[in-house]
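K.L.:
The following block contains the structure, expressed as structure tokens.
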Amino acid sequence: MKKNILVFILVFMIFVSFGFSKKVAIISEVLKPSTITVDNEQIYIVEKTSIYIYSLKDFKLKKKFGKDGEGPGEFKIFANVFPQKDSLLINSLGKLSYYTKDGILKKELKTKSGFGSLLFYPIKNGFVGRGFTTKDKKYYLTVNLFDSDLNKGKELYRMISPTQQTGKINILSRSLVYQTHSDKIFITGKEGFGLDILDNTGKKLYSIVREDYKKRKFTSEDEKKFRETLKLLYRAQYDRIKSRISFPNYFPEILNFFIADNKIYISTWKWENEKIEFFIYGLKGKLIKHLFIPFVFQNALQPYPAVIKNGKLYQLIENDEEEWELHITDIK
């Protein structure tokens with residue numbers, strides 16, 4: 001009896017610590033989804049420039065809209081959905097579109113700063129977005145403030161682009177990832193395990209830092225897997241650029257982060273048994289929990305589309321029959 005109780009406690013602790021992934025639906029309408037986002041009532045799945053709206057209650061398709069183009073209601077190259085309280089903010093190349101939650105176009109804004117400016121997130125009196133600049137014949141990625149008409153303003157961060165016209169192509173360089181929440185800017189981009197929190201003017205308020213974080217070593221087996229992935233993703237270019245590809249000695253500390261439920265979920269490049277490491281913080285930077293969560297990669301470089309909302313991780317995973325399964329992991 002005592003042994004059975006001990007086994008039960010151990011199993012219970014595993015599920016509390018790690019959560020569990022549950023397949024809840026087959027999403028049959030999409031062939032190659034790129035992103036998934038969720039609000040309290042709907043799921044938004046993007047495939048290139050098409051947007052699918054599903055009910056969060058029964059996972060049934062409610063509406064599909066969007067197509068490639070530059071006209072009203074069209075998106076160029078890609079689409080990115082950012083649900084707001086009573087609208088959808090949709091980024092595409094050179095344009096920001098406002099839609100109702102039912103997928104009806106309300107208005108559009110076109111960037112005044114060229115196609116290098118994209119991925120705008122709302123902040124007081126304007127937006128935060130990606131920029132692009134050159135200096136001394138080198139390319140740099142930047143994060144900038146933009147005004148309400150998408151005119152580029154103050155530069156907040158910059159990093160050298162991993163891809164230049166000549167020289168090495170640095171695979172797995174540090175990421176310049178940003179989001180906005182409650183009129184604050186959350187941004188990675190500096191060396192090490194660090195996330196900076198800025199006010200709406202770009203002034204730094206505080207940072208989340210783990211100076212003692214031990215990075216995962218990048219091995220020869222990792223390089224083999226990454227090169228196999230690059231061959232598949234860039235078939236036409238791989239032979240031409242393979243000698244320029246450079247790999248690091250260690251994986252970057254941070255893979256990505258999500259802001260949901262007044263928490264910050266920071267994921268790293270450490271994983272075990274299809275579970276990936278997460279650090280969960282409060283918005284003020286207090287560590288709440290460190291755990292591994294079921295999280296599946298589609299190849300060495302790319303996780304399957306995922307988002308966190310209401311204490312759950314939603315992920316689209318392709319099965320052996322090339323069907324897309326919606327998995328939900330409870331991480332409360």
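How things are named: the first chain in the structure tokens is A, the next is B, and so on; residues count from 1 in each chain; ligands count from 1 in the order shown.
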Residues within 6 Å of stretch 109-117 of chain A, please, as a JSON list (two decimals) with C-alpha atoms, in the first residue's frame. Count only C-alpha atoms; anything in the same chain fewer than 4 positions from it doesn't count.
P.N.:
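around.json was written with the following content:
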```json
[["chain", "number", "residue", "atom", "x", "y", "z"],
["A", 94, "GLY", "CA", 4.43, 47.52, -45.20],
["A", 95, "LYS", "CA", 0.99, 47.69, -43.62],
["A", 96, "LEU", "CA", -0.95, 47.49, -40.37],
["A", 130, "ARG", "CA", 11.14, 46.38, -36.28],
["A", 131, "GLY", "CA", 13.52, 48.62, -38.16],
["A", 132, "PHE", "CA", 16.51, 48.19, -40.42],
["A", 150, "LEU", "CA", 3.90, 54.61, -38.53],
["A", 151, "ASN", "CA", 6.67, 57.17, -38.92]]
```
K.L.:
Just want the 7 Å neighbourhood of stretch 159-173 of chain A, counted on only C-alpha atoms, with same-chain residues fewer than 5 positions away dropped. Output as a tab-separated table (two decimals) with N, CA, C and O atoms, in the first residue's frame.
P.N.:
```
chain	number	residue	atom	x	y	z
A	138	LYS	N	27.54	47.42	-43.13
A	138	LYS	CA	26.99	46.29	-42.39
A	138	LYS	C	25.50	46.53	-42.15
A	138	LYS	O	25.06	47.67	-42.00
A	139	TYR	N	24.75	45.42	-42.11
A	139	TYR	CA	23.32	45.49	-41.89
A	139	TYR	C	23.00	45.30	-40.41
A	139	TYR	O	23.59	44.44	-39.75
A	140	TYR	N	22.05	46.09	-39.92
A	140	TYR	CA	21.62	45.99	-38.53
A	140	TYR	C	20.11	45.89	-38.44
A	140	TYR	O	19.38	46.57	-39.20
A	141	LEU	N	19.63	45.05	-37.53
A	141	LEU	CA	18.23	44.99	-37.18
A	141	LEU	C	18.02	45.88	-35.97
A	141	LEU	O	18.84	45.89	-35.05
A	142	THR	N	16.93	46.63	-35.96
A	142	THR	CA	16.68	47.55	-34.86
A	142	THR	C	15.25	47.37	-34.34
A	142	THR	O	14.39	46.79	-35.02
A	244	ARG	N	29.83	29.37	-45.71
A	244	ARG	CA	29.73	30.61	-44.92
A	244	ARG	C	29.00	30.40	-43.59
A	244	ARG	O	29.03	31.27	-42.72
A	245	ILE	N	28.34	29.26	-43.45
A	245	ILE	CA	27.53	29.03	-42.25
A	245	ILE	C	28.42	28.80	-41.04
A	245	ILE	O	29.35	28.01	-41.08
A	246	SER	N	28.11	29.52	-39.96
A	246	SER	CA	28.88	29.43	-38.73
A	246	SER	C	27.97	29.07	-37.56
A	246	SER	O	26.86	29.62	-37.44
A	247	PHE	N	28.42	28.14	-36.72
A	247	PHE	CA	27.64	27.73	-35.56
A	247	PHE	C	28.36	28.15	-34.28
A	247	PHE	O	29.59	28.20	-34.23
A	251	PHE	N	24.26	27.23	-27.34
A	251	PHE	CA	22.98	27.78	-27.75
A	251	PHE	C	22.75	29.12	-27.03
A	251	PHE	O	23.25	29.32	-25.92
A	252	PRO	N	22.00	30.04	-27.63
A	252	PRO	CA	21.63	31.26	-26.90
A	252	PRO	C	20.83	30.90	-25.65
A	252	PRO	O	20.22	29.84	-25.57
```
K.L.:
Quick one: residues within 6 Å of stretch 197-200 of chain A, only C-alpha atoms counted, chain neighbours fewer than 6 positions away excluded, as a PDB file with N, CA, C and O atoms, in the first residue's frame?
P.N.:
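Contents of the output file around01.pdb:
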```pdb
ATOM      1  N   ASP A 183       1.141  49.135 -21.817  1.00  0.00           N
ATOM      2  CA  ASP A 183       1.939  50.312 -22.150  1.00  0.00           C
ATOM      3  C   ASP A 183       3.396  50.211 -21.718  1.00  0.00           C
ATOM      4  O   ASP A 183       4.048  51.213 -21.433  1.00  0.00           O
ATOM      5  N   LYS A 184       3.907  48.987 -21.671  1.00  0.00           N
ATOM      6  CA  LYS A 184       5.322  48.767 -21.438  1.00  0.00           C
ATOM      7  C   LYS A 184       5.885  47.921 -22.571  1.00  0.00           C
ATOM      8  O   LYS A 184       5.158  47.191 -23.243  1.00  0.00           O
ATOM      9  N   ILE A 185       7.191  48.039 -22.780  1.00  0.00           N
ATOM     10  CA  ILE A 185       7.878  47.316 -23.840  1.00  0.00           C
ATOM     11  C   ILE A 185       8.764  46.252 -23.199  1.00  0.00           C
ATOM     12  O   ILE A 185       9.555  46.556 -22.301  1.00  0.00           O
ATOM     13  N   PHE A 186       8.632  45.020 -23.652  1.00  0.00           N
ATOM     14  CA  PHE A 186       9.431  43.905 -23.160  1.00  0.00           C
ATOM     15  C   PHE A 186      10.328  43.454 -24.307  1.00  0.00           C
ATOM     16  O   PHE A 186       9.827  43.150 -25.394  1.00  0.00           O
ATOM     17  N   TYR A 206      13.370  48.311 -15.578  1.00  0.00           N
ATOM     18  CA  TYR A 206      14.069  47.264 -14.838  1.00  0.00           C
ATOM     19  C   TYR A 206      14.365  46.121 -15.797  1.00  0.00           C
ATOM     20  O   TYR A 206      13.939  46.136 -16.958  1.00  0.00           O
ATOM     21  N   SER A 207      15.112  45.120 -15.312  1.00  0.00           N
ATOM     22  CA  SER A 207      15.501  43.982 -16.146  1.00  0.00           C
ATOM     23  C   SER A 207      15.268  42.687 -15.390  1.00  0.00           C
ATOM     24  O   SER A 207      15.286  42.655 -14.158  1.00  0.00           O
TER      25      SER A 207
END
```
K.L.:
Residues within 8 Å of A:Gly129, please, as a list in words. Count only C-alpha atoms; anything in the same chain fewer than 5 positions from it doesn't count.
P.N.:
Ser117, Leu118, Leu119, Phe120, Tyr121, Val143, Asn144, Leu145 and Phe146 of chain A
K.L.:
Could you turn the residues from that selection into a file that holds all heavy atoms, as a PDB file, in the first residue's frame?
P.N.:
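Contents of part.pdb, as written:
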```
ATOM      1  N   SER A 117      10.629  48.273 -42.123  1.00  0.00           N
ATOM      2  CA  SER A 117       9.885  48.511 -40.888  1.00  0.00           C
ATOM      3  C   SER A 117       8.651  47.621 -40.879  1.00  0.00           C
ATOM      4  O   SER A 117       7.840  47.666 -41.796  1.00  0.00           O
ATOM      5  CB  SER A 117       9.468  49.979 -40.790  1.00  0.00           C
ATOM      6  OG  SER A 117      10.601  50.826 -40.792  1.00  0.00           O
ATOM      7  N   LEU A 118       8.490  46.820 -39.835  1.00  0.00           N
ATOM      8  CA  LEU A 118       7.390  45.863 -39.786  1.00  0.00           C
ATOM      9  C   LEU A 118       7.170  45.373 -38.360  1.00  0.00           C
ATOM     10  O   LEU A 118       7.883  45.754 -37.432  1.00  0.00           O
ATOM     11  CB  LEU A 118       7.649  44.681 -40.713  1.00  0.00           C
ATOM     12  CG  LEU A 118       8.837  43.780 -40.410  1.00  0.00           C
ATOM     13  CD1 LEU A 118       8.561  42.369 -40.916  1.00  0.00           C
ATOM     14  CD2 LEU A 118      10.107  44.289 -41.084  1.00  0.00           C
ATOM     15  N   LEU A 119       6.165  44.509 -38.193  1.00  0.00           N
ATOM     16  CA  LEU A 119       5.796  43.899 -36.914  1.00  0.00           C
ATOM     17  C   LEU A 119       5.587  44.953 -35.829  1.00  0.00           C
ATOM     18  O   LEU A 119       6.363  45.094 -34.884  1.00  0.00           O
ATOM     19  CB  LEU A 119       6.840  42.876 -36.479  1.00  0.00           C
ATOM     20  CG  LEU A 119       6.911  41.604 -37.334  1.00  0.00           C
ATOM     21  CD1 LEU A 119       8.006  40.685 -36.816  1.00  0.00           C
ATOM     22  CD2 LEU A 119       5.574  40.881 -37.362  1.00  0.00           C
ATOM     23  N   PHE A 120       4.484  45.687 -35.982  1.00  0.00           N
ATOM     24  CA  PHE A 120       4.160  46.776 -35.069  1.00  0.00           C
ATOM     25  C   PHE A 120       3.242  46.285 -33.953  1.00  0.00           C
ATOM     26  O   PHE A 120       2.242  45.609 -34.211  1.00  0.00           O
ATOM     27  CB  PHE A 120       3.477  47.908 -35.837  1.00  0.00           C
ATOM     28  CG  PHE A 120       4.295  48.442 -36.978  1.00  0.00           C
ATOM     29  CD1 PHE A 120       4.034  48.065 -38.279  1.00  0.00           C
ATOM     30  CD2 PHE A 120       5.341  49.322 -36.743  1.00  0.00           C
ATOM     31  CE1 PHE A 120       4.783  48.555 -39.339  1.00  0.00           C
ATOM     32  CE2 PHE A 120       6.107  49.815 -37.781  1.00  0.00           C
ATOM     33  CZ  PHE A 120       5.829  49.438 -39.086  1.00  0.00           C
ATOM     34  N   TYR A 121       3.589  46.677 -32.710  1.00  0.00           N
ATOM     35  CA  TYR A 121       2.752  46.375 -31.560  1.00  0.00           C
ATOM     36  C   TYR A 121       2.370  47.689 -30.878  1.00  0.00           C
ATOM     37  O   TYR A 121       3.210  48.590 -30.746  1.00  0.00           O
ATOM     38  CB  TYR A 121       3.497  45.461 -30.592  1.00  0.00           C
ATOM     39  CG  TYR A 121       3.755  44.095 -31.164  1.00  0.00           C
ATOM     40  CD1 TYR A 121       4.976  43.793 -31.769  1.00  0.00           C
ATOM     41  CD2 TYR A 121       2.777  43.108 -31.139  1.00  0.00           C
ATOM     42  CE1 TYR A 121       5.215  42.530 -32.315  1.00  0.00           C
ATOM     43  CE2 TYR A 121       3.009  41.847 -31.681  1.00  0.00           C
ATOM     44  CZ  TYR A 121       4.231  41.572 -32.265  1.00  0.00           C
ATOM     45  OH  TYR A 121       4.457  40.335 -32.807  1.00  0.00           O
ATOM     46  N   VAL A 143      15.015  47.872 -33.152  1.00  0.00           N
ATOM     47  CA  VAL A 143      13.664  48.024 -32.629  1.00  0.00           C
ATOM     48  C   VAL A 143      13.471  49.509 -32.358  1.00  0.00           C
ATOM     49  O   VAL A 143      14.307  50.137 -31.690  1.00  0.00           O
ATOM     50  CB  VAL A 143      13.443  47.202 -31.347  1.00  0.00           C
ATOM     51  CG1 VAL A 143      12.065  47.490 -30.751  1.00  0.00           C
ATOM     52  CG2 VAL A 143      13.580  45.716 -31.647  1.00  0.00           C
ATOM     53  N   ASN A 144      12.388  50.066 -32.890  1.00  0.00           N
ATOM     54  CA  ASN A 144      12.156  51.512 -32.828  1.00  0.00           C
ATOM     55  C   ASN A 144      10.764  51.828 -32.299  1.00  0.00           C
ATOM     56  O   ASN A 144       9.844  51.014 -32.407  1.00  0.00           O
ATOM     57  CB  ASN A 144      12.281  52.142 -34.221  1.00  0.00           C
ATOM     58  CG  ASN A 144      13.661  52.035 -34.816  1.00  0.00           C
ATOM     59  OD1 ASN A 144      14.077  50.972 -35.254  1.00  0.00           O
ATOM     60  ND2 ASN A 144      14.379  53.153 -34.836  1.00  0.00           N
ATOM     61  N   LEU A 145      10.630  53.042 -31.778  1.00  0.00           N
ATOM     62  CA  LEU A 145       9.309  53.612 -31.558  1.00  0.00           C
ATOM     63  C   LEU A 145       8.815  54.184 -32.884  1.00  0.00           C
ATOM     64  O   LEU A 145       9.592  54.691 -33.689  1.00  0.00           O
ATOM     65  CB  LEU A 145       9.358  54.726 -30.510  1.00  0.00           C
ATOM     66  CG  LEU A 145       9.665  54.308 -29.069  1.00  0.00           C
ATOM     67  CD1 LEU A 145       9.789  55.545 -28.192  1.00  0.00           C
ATOM     68  CD2 LEU A 145       8.605  53.364 -28.528  1.00  0.00           C
ATOM     69  N   PHE A 146       7.512  54.068 -33.123  1.00  0.00           N
ATOM     70  CA  PHE A 146       6.864  54.657 -34.286  1.00  0.00           C
ATOM     71  C   PHE A 146       5.680  55.481 -33.795  1.00  0.00           C
ATOM     72  O   PHE A 146       5.044  55.122 -32.794  1.00  0.00           O
ATOM     73  CB  PHE A 146       6.373  53.571 -35.256  1.00  0.00           C
ATOM     74  CG  PHE A 146       7.473  52.838 -35.976  1.00  0.00           C
ATOM     75  CD1 PHE A 146       8.205  51.849 -35.333  1.00  0.00           C
ATOM     76  CD2 PHE A 146       7.779  53.136 -37.295  1.00  0.00           C
ATOM     77  CE1 PHE A 146       9.216  51.161 -35.986  1.00  0.00           C
ATOM     78  CE2 PHE A 146       8.787  52.462 -37.965  1.00  0.00           C
ATOM     79  CZ  PHE A 146       9.516  51.464 -37.308  1.00  0.00           C
TER      80      PHE A 146
END
```
K.L.:
Return as an MDAnalysis selection string the full set of residues in stretch 2-142 of chain A whose backbone-based DSSP assignment is strand (DSSP E or B).
P.N.:
chainID A and resid 21:27 35:38 42:47 50:55 61:65 68 75 80:83 88:92 95:99 105:110 118:123 126:135 138:142
K.L.:
Please give the complete set of residues from stretch 87-322 of chain A that DSSP, run on the backbone, assigns to helix (DSSP H, G or I), formatted as JSON, numbers by chain.
P.N.:
{"A": [220, 221, 222, 223, 224, 225, 226, 227, 228, 229, 230, 231, 232, 233, 235, 236, 237, 238, 239, 240, 241, 242, 243, 244]}
K.L.:
With N, CA, C and O atoms retained, write the just-selected residues as a compact mmCIF listing (two decimals), in the first residue's frame.
P.N.:
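Saved file out-v9.txt follows:
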```txt
# COMPACT_ATOMS: atom_id res chain seq x y z
N SER A 220 28.58 18.55 -32.02
CA SER A 220 28.71 18.15 -33.43
C SER A 220 27.42 17.49 -33.92
O SER A 220 27.05 17.61 -35.09
N GLU A 221 26.73 16.78 -33.02
CA GLU A 221 25.45 16.17 -33.38
C GLU A 221 24.41 17.24 -33.64
O GLU A 221 23.59 17.12 -34.56
N ASP A 222 24.42 18.32 -32.86
CA ASP A 222 23.52 19.45 -33.11
C ASP A 222 23.80 20.06 -34.48
O ASP A 222 22.88 20.35 -35.24
N GLU A 223 25.09 20.24 -34.80
CA GLU A 223 25.44 20.82 -36.09
C GLU A 223 24.93 19.95 -37.24
O GLU A 223 24.41 20.47 -38.24
N LYS A 224 25.05 18.66 -37.10
CA LYS A 224 24.56 17.74 -38.14
C LYS A 224 23.06 17.93 -38.36
O LYS A 224 22.60 18.03 -39.50
N LYS A 225 22.30 17.99 -37.25
CA LYS A 225 20.85 18.17 -37.37
C LYS A 225 20.50 19.52 -37.97
O LYS A 225 19.59 19.63 -38.79
N PHE A 226 21.24 20.55 -37.58
CA PHE A 226 20.95 21.89 -38.11
C PHE A 226 21.27 21.97 -39.59
O PHE A 226 20.54 22.60 -40.36
N ARG A 227 22.36 21.36 -40.02
CA ARG A 227 22.69 21.39 -41.45
C ARG A 227 21.65 20.62 -42.27
O ARG A 227 21.30 21.03 -43.38
N GLU A 228 21.17 19.51 -41.74
CA GLU A 228 20.11 18.76 -42.43
C GLU A 228 18.86 19.62 -42.58
O GLU A 228 18.20 19.62 -43.63
N THR A 229 18.52 20.37 -41.54
CA THR A 229 17.37 21.26 -41.59
C THR A 229 17.59 22.37 -42.62
O THR A 229 16.69 22.69 -43.41
N LEU A 230 18.76 22.97 -42.63
CA LEU A 230 19.04 24.05 -43.57
C LEU A 230 18.99 23.57 -45.01
O LEU A 230 18.55 24.30 -45.91
N LYS A 231 19.45 22.35 -45.25
CA LYS A 231 19.37 21.78 -46.60
C LYS A 231 17.92 21.68 -47.06
O LYS A 231 17.60 21.92 -48.23
N LEU A 232 17.02 21.30 -46.15
CA LEU A 232 15.60 21.18 -46.49
C LEU A 232 14.94 22.54 -46.69
O LEU A 232 14.15 22.73 -47.60
N LEU A 233 15.29 23.50 -45.81
CA LEU A 233 14.64 24.81 -45.86
C LEU A 233 15.16 25.66 -47.02
O LEU A 233 14.41 26.47 -47.58
N ARG A 235 16.98 24.62 -50.05
CA ARG A 235 17.55 23.69 -51.02
C ARG A 235 18.35 24.38 -52.12
O ARG A 235 19.45 23.97 -52.47
N ALA A 236 17.76 25.44 -52.68
CA ALA A 236 18.39 26.10 -53.83
C ALA A 236 19.66 26.86 -53.45
O ALA A 236 20.59 26.99 -54.25
N GLN A 237 19.71 27.36 -52.20
CA GLN A 237 20.83 28.20 -51.80
C GLN A 237 21.91 27.47 -50.99
O GLN A 237 23.02 27.98 -50.85
N TYR A 238 21.58 26.30 -50.46
CA TYR A 238 22.47 25.70 -49.46
C TYR A 238 23.89 25.46 -49.99
O TYR A 238 24.87 25.80 -49.33
N ASP A 239 24.01 24.86 -51.16
CA ASP A 239 25.35 24.57 -51.68
C ASP A 239 26.18 25.84 -51.87
O ASP A 239 27.40 25.82 -51.72
N ARG A 240 25.50 26.93 -52.17
CA ARG A 240 26.20 28.19 -52.41
C ARG A 240 26.67 28.84 -51.10
O ARG A 240 27.70 29.52 -51.07
N ILE A 241 25.92 28.63 -50.02
CA ILE A 241 26.24 29.34 -48.77
C ILE A 241 26.81 28.43 -47.68
O ILE A 241 27.20 28.93 -46.62
N LYS A 242 26.89 27.13 -47.91
CA LYS A 242 27.24 26.21 -46.82
C LYS A 242 28.60 26.51 -46.20
O LYS A 242 28.81 26.30 -45.00
N SER A 243 29.55 27.00 -46.99
CA SER A 243 30.87 27.30 -46.44
C SER A 243 30.86 28.56 -45.58
O SER A 243 31.79 28.79 -44.79
N ARG A 244 29.83 29.37 -45.71
CA ARG A 244 29.73 30.61 -44.92
C ARG A 244 29.00 30.40 -43.59
O ARG A 244 29.03 31.27 -42.72
```
K.L.:
Give me the residues within 9 Å of A:Phe297 as a PDB file with C-alpha atoms, in the first residue's frame, counting only C-alpha atoms and dropping any in the same chain fewer than 6 places off.
P.N.:
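Dumped everything to result_32.pdb:
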```
ATOM      1  CA  GLU A 274       9.867  16.738 -25.933  1.00  0.00           C
ATOM      2  CA  PRO A 303       9.192  24.929 -33.010  1.00  0.00           C
ATOM      3  CA  TYR A 304       5.683  24.191 -34.222  1.00  0.00           C
ATOM      4  CA  PRO A 305       3.389  27.255 -33.936  1.00  0.00           C
ATOM      5  CA  ILE A 317       1.579  19.765 -34.416  1.00  0.00           C
TER       6      ILE A 317
END
```
K.L.:
Which residue out of A:Asp136, A:Asp86, A:Asp149, A:Glu108 has the minimum interatomic distance to A:Glu70 when only C-alpha atoms are used?
P.N.:
A:Glu108
K.L.:
Rounded to one decimal in Å, what is the spacing between atom CA of A:Val38 and atom CA of A:Asn319?
P.N.:
21.7 Å
K.L.:
For A:Ala260, which residue out of A:Thr219, A:Ser87, A:Ser92, A:Asn310 is the nearest one, using only C-alpha atoms?
P.N.:
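Selected residue with least distance to A:Ala260: A:Asn310.
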K.L.:
Calculated over only C-alpha atoms, which of the candidates A:Lys190, A:Lys286, A:Lys263, A:Val296 has the smallest distance to A:Glu325?
P.N.:
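The answer is A:Val296, which sits nearest to A:Glu325.
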K.L.:
A:Thr201, A:Ser50, A:Asp212, A:Phe82: which is nearest A:Lys67, counting only C-alpha atoms?
P.N.:
A:Ser50
K.L.:
Any idea what's packed within 8 Å of A:Tyr314, counting only C-alpha atoms, ignoring anything in its chain fewer than 3 positions away? Could you give it as a PDB file with N, CA, C and O atoms, in the first residue's frame?
P.N.:
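Final file, result.pdb:
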```
ATOM      1  N   ILE A  36      -0.123  30.840 -34.467  1.00  0.00           N
ATOM      2  CA  ILE A  36      -1.398  30.658 -33.787  1.00  0.00           C
ATOM      3  C   ILE A  36      -1.469  31.663 -32.644  1.00  0.00           C
ATOM      4  O   ILE A  36      -0.478  31.866 -31.926  1.00  0.00           O
ATOM      5  N   ALA A 306       3.011  28.034 -31.661  1.00  0.00           N
ATOM      6  CA  ALA A 306       2.543  27.902 -30.280  1.00  0.00           C
ATOM      7  C   ALA A 306       2.218  29.271 -29.698  1.00  0.00           C
ATOM      8  O   ALA A 306       2.747  30.303 -30.131  1.00  0.00           O
ATOM      9  N   VAL A 307       1.342  29.272 -28.686  1.00  0.00           N
ATOM     10  CA  VAL A 307       1.008  30.489 -27.954  1.00  0.00           C
ATOM     11  C   VAL A 307       0.540  30.080 -26.565  1.00  0.00           C
ATOM     12  O   VAL A 307       0.115  28.943 -26.350  1.00  0.00           O
ATOM     13  N   ILE A 308       0.618  31.004 -25.610  1.00  0.00           N
ATOM     14  CA  ILE A 308       0.150  30.763 -24.247  1.00  0.00           C
ATOM     15  C   ILE A 308      -0.985  31.724 -23.930  1.00  0.00           C
ATOM     16  O   ILE A 308      -0.901  32.922 -24.232  1.00  0.00           O
ATOM     17  N   LYS A 309      -2.039  31.191 -23.318  1.00  0.00           N
ATOM     18  CA  LYS A 309      -3.184  32.012 -22.921  1.00  0.00           C
ATOM     19  C   LYS A 309      -3.939  31.292 -21.808  1.00  0.00           C
ATOM     20  O   LYS A 309      -4.166  30.083 -21.886  1.00  0.00           O
ATOM     21  N   LEU A 326      -4.354  20.168 -32.904  1.00  0.00           N
ATOM     22  CA  LEU A 326      -4.265  21.193 -31.888  1.00  0.00           C
ATOM     23  C   LEU A 326      -4.066  20.512 -30.544  1.00  0.00           C
ATOM     24  O   LEU A 326      -4.904  19.728 -30.102  1.00  0.00           O
ATOM     25  N   HIS A 327      -2.927  20.808 -29.911  1.00  0.00           N
ATOM     26  CA  HIS A 327      -2.624  20.272 -28.587  1.00  0.00           C
ATOM     27  C   HIS A 327      -2.704  21.381 -27.555  1.00  0.00           C
ATOM     28  O   HIS A 327      -2.282  22.516 -27.816  1.00  0.00           O
ATOM     29  N   ILE A 328      -3.223  21.060 -26.381  1.00  0.00           N
ATOM     30  CA  ILE A 328      -3.311  22.023 -25.290  1.00  0.00           C
ATOM     31  C   ILE A 328      -2.639  21.428 -24.054  1.00  0.00           C
ATOM     32  O   ILE A 328      -2.932  20.308 -23.662  1.00  0.00           O
ATOM     33  N   THR A 329      -1.722  22.180 -23.482  1.00  0.00           N
ATOM     34  CA  THR A 329      -1.014  21.777 -22.266  1.00  0.00           C
ATOM     35  C   THR A 329      -1.407  22.705 -21.133  1.00  0.00           C
ATOM     36  O   THR A 329      -1.248  23.926 -21.242  1.00  0.00           O
TER      37      THR A 329
END
```
K.L.:
Could you jot down the atom CA of A:Leu287 to atom CA of A:Arg216 separation for me, Å, one decimal place?
P.N.:
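If I compute the distance from atom CA of A:Leu287 to atom CA of A:Arg216, I get 20.9 Å.
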